[in-house]
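First the structure, in the form of structure tokens, and then the observations on it.
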Amino acid sequence: MHGILTQALAQGSATSQLGAANDHSTLWGSYSANERVNNIKTKIPLPGLLGQQGLGNNTTGTAAHVKAFESYIERVTIDAKASGDFTMQVFSKGLQPNETIEMQVFDPTGKALGEPSQVTATENAEIKKQFSLIRTWNPENPHMYQIVLTLKDATGQVIYTFYKKFGFRSVESKADGIYVNGTKVIFKGMNCRSANLGNYRTSEEAYLADINIMKDLNMNAVRLSYYPVDPLYFDLCDSIGLFVISELPGSDKRMVKDIVFSGLNHPSVICWSTGPDLAANKELDKEFSTYDVQNRYVIHPVSKDKKSSDFNTVANSILYGTEAFTPVEIGNGIFNGGRAAGLDEFWTEMSKSNKFSGSFLATYKDDNGIESASGFDPKSKDKWASYYAIKEIWSPLAFNISQLPASWNGVINIENKFLYTNLSRLKFNWKLVLFPKATQKTLDPLVVEQGTLASPYTGPGEKADLKFTFQNQFTVCDALQLQVLDARDKEIYTYTFQIRKPVDVVATSPEVASISTIMRTEETDFLSLVCDGINYIFDKKTGNLTKVYVGKRDLAFTGPFLAGIHSGYTLADFKHLVKDNTHTVEVSYKGESNLWVKWTFHTGELPRMEYSYSMKPVGEYQGITFKYPEDKITGMKWMGRGPFQVWKNRQKGQQIGVWERSNKSNVNNAEYKGYHSDVYWVQYQTNMGNFTLYTDQPNLYLQLFSPLKQGALLNEFASAPFPDNGNIGFMNQISGLSTKPADAAPGNKSLKSANDSYSGSLYFDFRW
């Protein structure tokens, strides 16, 4: 015997109420209620009696059947395998002698699948058949069929009609996981608590919204946990396409029958779960199999210890365990409700093991009850950074490069990570774009050229080359944008491949009107340089730039400092040199940590600050910072990845572009403050005018202020993961977003050693 080990942490209480006792469902549409004009019911040619008196269907309750009809079909159980083998049990009531049951199967277009079958009507009649040329069900291609059953009397007159939706698919349990239609399933899913939707019997619109969000996040599965689920939810998972793990809520074993009956005939339901409360009770497997004609596998979610979100525990279970492993509650973001903290690292490492079967995120919001400011809010429908991080991490596509060098040959290798879909079914649209400069008012990129690629015929697990042909020289553009759509024109993801580097962009910064000479005033404590009409004041005791005067504007811009370092290094030397109308200010600091800074002023050019540093002890972040009064900054515009902040353990989901944020909105503030990746330039909008800083270094992080910690959180950082000696930073390393448990160190500690040094250059434009 083998097992499929899952990891879970039970929270909340279960209810004994189940939505509907019997699954008498109709076929619903796909993706949205607006598409229900394609409802299969309207296309199926029923046997000539539609609308006539005496025709029944299965949309009313059993009591109504008894009152209206002496003989009727109560329910069915279906086992339709991917091979085309079909077995159905038909349960009827009030039968009379010589009555018969006729079955006809139709495809979604209303075309009959084979010839009808007929059996003698009994209280439990069995129909077996072999179908050929069928299309199997899977969540990427949820092909559904419709059964029409007609109950006829001894003369052949139709007295009752029953219809049921189903799909052909096979489920197997193997040592390394669950297989559907012969393909190993890698779950990418969410725990669906019906309470998130308002209650456990809600509306089709709420269900659709919930499922469509999961599909948009490139998820393929949902674990129904903690609350019983309306069978309508199963209908939509069938039609839209999601694997379902249907779980027994709480510890009431008497609900096994109801749980099985509610999901019995749905192809989306591929296995059952006992739930954490009864995880140790393997005897329940027999009860599930008693009611399930498909004999689906029963998983037993267990909590190996209290650290249910400890990725090390999960990793060790996979690396050294002997069972397939599916963590079912991960991603409990703590600092600001982040949903994707550590997911990329976790997913990458776990995917290296053949025992890994995917995982499920815990919820849309933090388990401490705080609405997620960085994931997805089911109430407001707001989408934040973690939403897009999940969407990219779980995208079923992978590329061999993220940046296009000048020597690029026009080919990008793509890997198909779908389970069932050939890339020939996708659409690939591309744009070569040039992003606005800091001085321009628009945020929209200039589309230099655009086109569509031929979709490669590439099966799951295979790789192919995407070949781009441009009319223009691609190296003059900032980025290549590649939008990938599925067969229904739903976006899988839009990828941005960088072309020009920061050093290329800073070379196109606005020209500076040159004033012939640089004016210098030097005293014992300070140095004043006036270059192209702007006055820069240096404190010779600290080595810092302390003031910038632009006309009547007095900017309290101060720095640089080693991020978060208050002691362990002191000013060693301050030099001011003049050569050929070029002034340099060179400052060095020595000690346990060290910092070297060189300012260069030349007329007609932006002032440049070169720097190098090393920091000890190595902390969560490394970089240099500046100070500027936060209350004077009203917003910022920047070129880099956006529009949201990143963390060391949550980098994905952001796109290269030009973005703008306001400091006035509390909503924007949730993602406005913090770290921003791959910065090219940043323009600070202040109540005294704007100023812009450029960098020529790739892979640099911008730090803007320190985001506020959620006051109601149960688990707090011992210290804030942001520098406390500067609120504008240019960082080579940044801190991570905390996850449970509280005693786990936040972020990833794989920083460089203290002996390694970093260097870079910044350019300052205070004219705007």
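Every chain in the structure tokens has a letter given in the order shown (A, B, ...), and although residue numbers restart at 1 in each chain, ligands are simply numbered from 1 in the order shown.
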message = Which residues are near Val171 of chain A? Cut-off 7 Å, only C-alpha atoms, ignore same chain within fewer than 3 positions. Put them as a ChimeraX atom specification.
response = /A:179-181,270
task = Write out as a ChimeraX atom specification each polymer residue whose atoms come within 12 Å of Thr87 of chain A, counting only C-alpha atoms; drop sequence neighbours fewer than 3 positions from it.
result = /A:76-81,83-84,90,103,117,125-131,166,168,265,293-294
key: Those in segment 456-516 of chain A with helix (DSSP H, G or I) from DSSP, as a list in words   = Phe474, Thr475, Val476, Pro502, Val503, Asp504, Val505 and Val506 of chain A
Every residue of segment 341-442 of chain A that DSSP places in strand (DSSP E), as a PyMOL selection string = chain A and resi 358-361+397-399+411-416+427-434
What does the file look like for those residues with N, CA and C atoms, as a PDB file, in the first residue's frame?
```pdb
ATOM      1  N   GLY A 358       2.163  19.050  -6.098  1.00  0.00           N
ATOM      2  CA  GLY A 358       1.548  20.359  -6.074  1.00  0.00           C
ATOM      3  C   GLY A 358       1.155  20.777  -4.675  1.00  0.00           C
ATOM      4  N   SER A 359       0.409  21.875  -4.562  1.00  0.00           N
ATOM      5  CA  SER A 359       0.025  22.375  -3.249  1.00  0.00           C
ATOM      6  C   SER A 359      -1.162  23.315  -3.370  1.00  0.00           C
ATOM      7  N   PHE A 360      -1.697  23.676  -2.198  1.00  0.00           N
ATOM      8  CA  PHE A 360      -2.856  24.560  -2.107  1.00  0.00           C
ATOM      9  C   PHE A 360      -2.523  25.719  -1.179  1.00  0.00           C
ATOM     10  N   LEU A 361      -2.814  26.933  -1.625  1.00  0.00           N
ATOM     11  CA  LEU A 361      -2.697  28.082  -0.739  1.00  0.00           C
ATOM     12  C   LEU A 361      -3.807  28.033   0.296  1.00  0.00           C
ATOM     13  N   LEU A 397       3.729  28.149 -18.380  1.00  0.00           N
ATOM     14  CA  LEU A 397       4.748  28.410 -19.392  1.00  0.00           C
ATOM     15  C   LEU A 397       6.043  28.822 -18.707  1.00  0.00           C
ATOM     16  N   ALA A 398       7.165  28.474 -19.315  1.00  0.00           N
ATOM     17  CA  ALA A 398       8.466  28.879 -18.792  1.00  0.00           C
ATOM     18  C   ALA A 398       9.373  29.243 -19.965  1.00  0.00           C
ATOM     19  N   PHE A 399      10.238  30.235 -19.739  1.00  0.00           N
ATOM     20  CA  PHE A 399      11.127  30.722 -20.788  1.00  0.00           C
ATOM     21  C   PHE A 399      12.578  30.617 -20.329  1.00  0.00           C
ATOM     22  N   VAL A 411      15.277  34.355 -31.073  1.00  0.00           N
ATOM     23  CA  VAL A 411      14.644  33.108 -30.662  1.00  0.00           C
ATOM     24  C   VAL A 411      14.547  33.057 -29.137  1.00  0.00           C
ATOM     25  N   ILE A 412      13.358  32.726 -28.623  1.00  0.00           N
ATOM     26  CA  ILE A 412      13.146  32.493 -27.198  1.00  0.00           C
ATOM     27  C   ILE A 412      12.605  31.070 -27.043  1.00  0.00           C
ATOM     28  N   ASN A 413      13.245  30.294 -26.198  1.00  0.00           N
ATOM     29  CA  ASN A 413      12.792  28.923 -25.968  1.00  0.00           C
ATOM     30  C   ASN A 413      11.678  28.915 -24.933  1.00  0.00           C
ATOM     31  N   ILE A 414      10.603  28.202 -25.226  1.00  0.00           N
ATOM     32  CA  ILE A 414       9.453  28.123 -24.332  1.00  0.00           C
ATOM     33  C   ILE A 414       9.224  26.673 -23.934  1.00  0.00           C
ATOM     34  N   GLU A 415       8.872  26.465 -22.663  1.00  0.00           N
ATOM     35  CA  GLU A 415       8.570  25.142 -22.157  1.00  0.00           C
ATOM     36  C   GLU A 415       7.086  25.053 -21.824  1.00  0.00           C
ATOM     37  N   ASN A 416       6.450  23.999 -22.285  1.00  0.00           N
ATOM     38  CA  ASN A 416       5.032  23.768 -22.040  1.00  0.00           C
ATOM     39  C   ASN A 416       4.870  23.023 -20.723  1.00  0.00           C
ATOM     40  N   LYS A 427      -2.502  31.643 -28.173  1.00  0.00           N
ATOM     41  CA  LYS A 427      -2.212  32.777 -29.043  1.00  0.00           C
ATOM     42  C   LYS A 427      -1.071  33.589 -28.427  1.00  0.00           C
ATOM     43  N   PHE A 428      -0.126  34.003 -29.261  1.00  0.00           N
ATOM     44  CA  PHE A 428       1.055  34.734 -28.805  1.00  0.00           C
ATOM     45  C   PHE A 428       1.100  36.091 -29.519  1.00  0.00           C
ATOM     46  N   ASN A 429       0.809  37.153 -28.771  1.00  0.00           N
ATOM     47  CA  ASN A 429       0.851  38.518 -29.311  1.00  0.00           C
ATOM     48  C   ASN A 429       2.023  39.270 -28.696  1.00  0.00           C
ATOM     49  N   TRP A 430       2.780  39.996 -29.516  1.00  0.00           N
ATOM     50  CA  TRP A 430       3.972  40.687 -29.001  1.00  0.00           C
ATOM     51  C   TRP A 430       3.981  42.158 -29.382  1.00  0.00           C
ATOM     52  N   LYS A 431       4.705  42.931 -28.576  1.00  0.00           N
ATOM     53  CA  LYS A 431       4.921  44.352 -28.840  1.00  0.00           C
ATOM     54  C   LYS A 431       6.352  44.727 -28.480  1.00  0.00           C
ATOM     55  N   LEU A 432       6.994  45.492 -29.338  1.00  0.00           N
ATOM     56  CA  LEU A 432       8.248  46.166 -28.996  1.00  0.00           C
ATOM     57  C   LEU A 432       7.882  47.558 -28.510  1.00  0.00           C
ATOM     58  N   VAL A 433       8.313  47.930 -27.306  1.00  0.00           N
ATOM     59  CA  VAL A 433       7.859  49.184 -26.721  1.00  0.00           C
ATOM     60  C   VAL A 433       9.035  50.036 -26.249  1.00  0.00           C
ATOM     61  N   LEU A 434       8.777  51.323 -26.223  1.00  0.00           N
ATOM     62  CA  LEU A 434       9.711  52.313 -25.689  1.00  0.00           C
ATOM     63  C   LEU A 434       8.983  53.045 -24.573  1.00  0.00           C
TER      64      LEU A 434
END
```
request  = Could you check which of A:Gly623, A:Pro607, A:Gly167, A:Gly689 is closest to Met636 of chain A, using only C-alpha atoms?
outcome  = A:Gly689
task = Quick one: everything within 10 Å of Met519 of chain A, counting only C-alpha atoms, minus sequence neighbours fewer than 2 positions away in the same chain. Send it as an NGL selection string.
result = :A and (516-517 or 521 or 528-533 or 535 or 581 or 583)
Export of prior selection with N, CA and C atoms as a JSON list (two decimals), in the first residue's frame:
```json
[["chain", "number", "residue", "atom", "x", "y", "z"],
["A", 516, "SER", "N", 28.99, 78.07, -17.51],
["A", 516, "SER", "CA", 30.42, 77.91, -17.80],
["A", 516, "SER", "C", 31.28, 77.47, -16.62],
["A", 517, "THR", "N", 31.00, 77.95, -15.43],
["A", 517, "THR", "CA", 31.90, 77.63, -14.31],
["A", 517, "THR", "C", 31.11, 77.07, -13.13],
["A", 521, "THR", "N", 32.36, 77.41, -2.49],
["A", 521, "THR", "CA", 32.56, 78.07, -1.20],
["A", 521, "THR", "C", 32.94, 77.00, -0.20],
["A", 528, "SER", "N", 30.34, 74.13, -0.31],
["A", 528, "SER", "CA", 29.22, 74.50, -1.17],
["A", 528, "SER", "C", 29.70, 74.53, -2.61],
["A", 529, "LEU", "N", 28.99, 73.78, -3.49],
["A", 529, "LEU", "CA", 29.28, 73.79, -4.92],
["A", 529, "LEU", "C", 28.01, 74.17, -5.67],
["A", 530, "VAL", "N", 28.14, 75.17, -6.55],
["A", 530, "VAL", "CA", 27.01, 75.59, -7.39],
["A", 530, "VAL", "C", 27.32, 75.17, -8.81],
["A", 531, "CYS", "N", 26.58, 74.18, -9.30],
["A", 531, "CYS", "CA", 26.81, 73.63, -10.64],
["A", 531, "CYS", "C", 25.55, 73.77, -11.46],
["A", 532, "ASP", "N", 25.62, 74.48, -12.57],
["A", 532, "ASP", "CA", 24.48, 74.71, -13.47],
["A", 532, "ASP", "C", 23.27, 75.26, -12.71],
["A", 533, "GLY", "N", 23.55, 76.18, -11.79],
["A", 533, "GLY", "CA", 22.50, 76.90, -11.09],
["A", 533, "GLY", "C", 21.94, 76.21, -9.87],
["A", 535, "ASN", "N", 22.73, 74.51, -6.04],
["A", 535, "ASN", "CA", 23.71, 74.58, -4.95],
["A", 535, "ASN", "C", 23.65, 73.30, -4.12],
["A", 581, "ASN", "N", 37.79, 72.23, -14.67],
["A", 581, "ASN", "CA", 36.41, 72.61, -14.38],
["A", 581, "ASN", "C", 35.53, 71.42, -13.99],
["A", 583, "HIS", "N", 34.75, 69.16, -10.66],
["A", 583, "HIS", "CA", 34.94, 69.08, -9.21],
["A", 583, "HIS", "C", 34.57, 67.68, -8.74]]
```
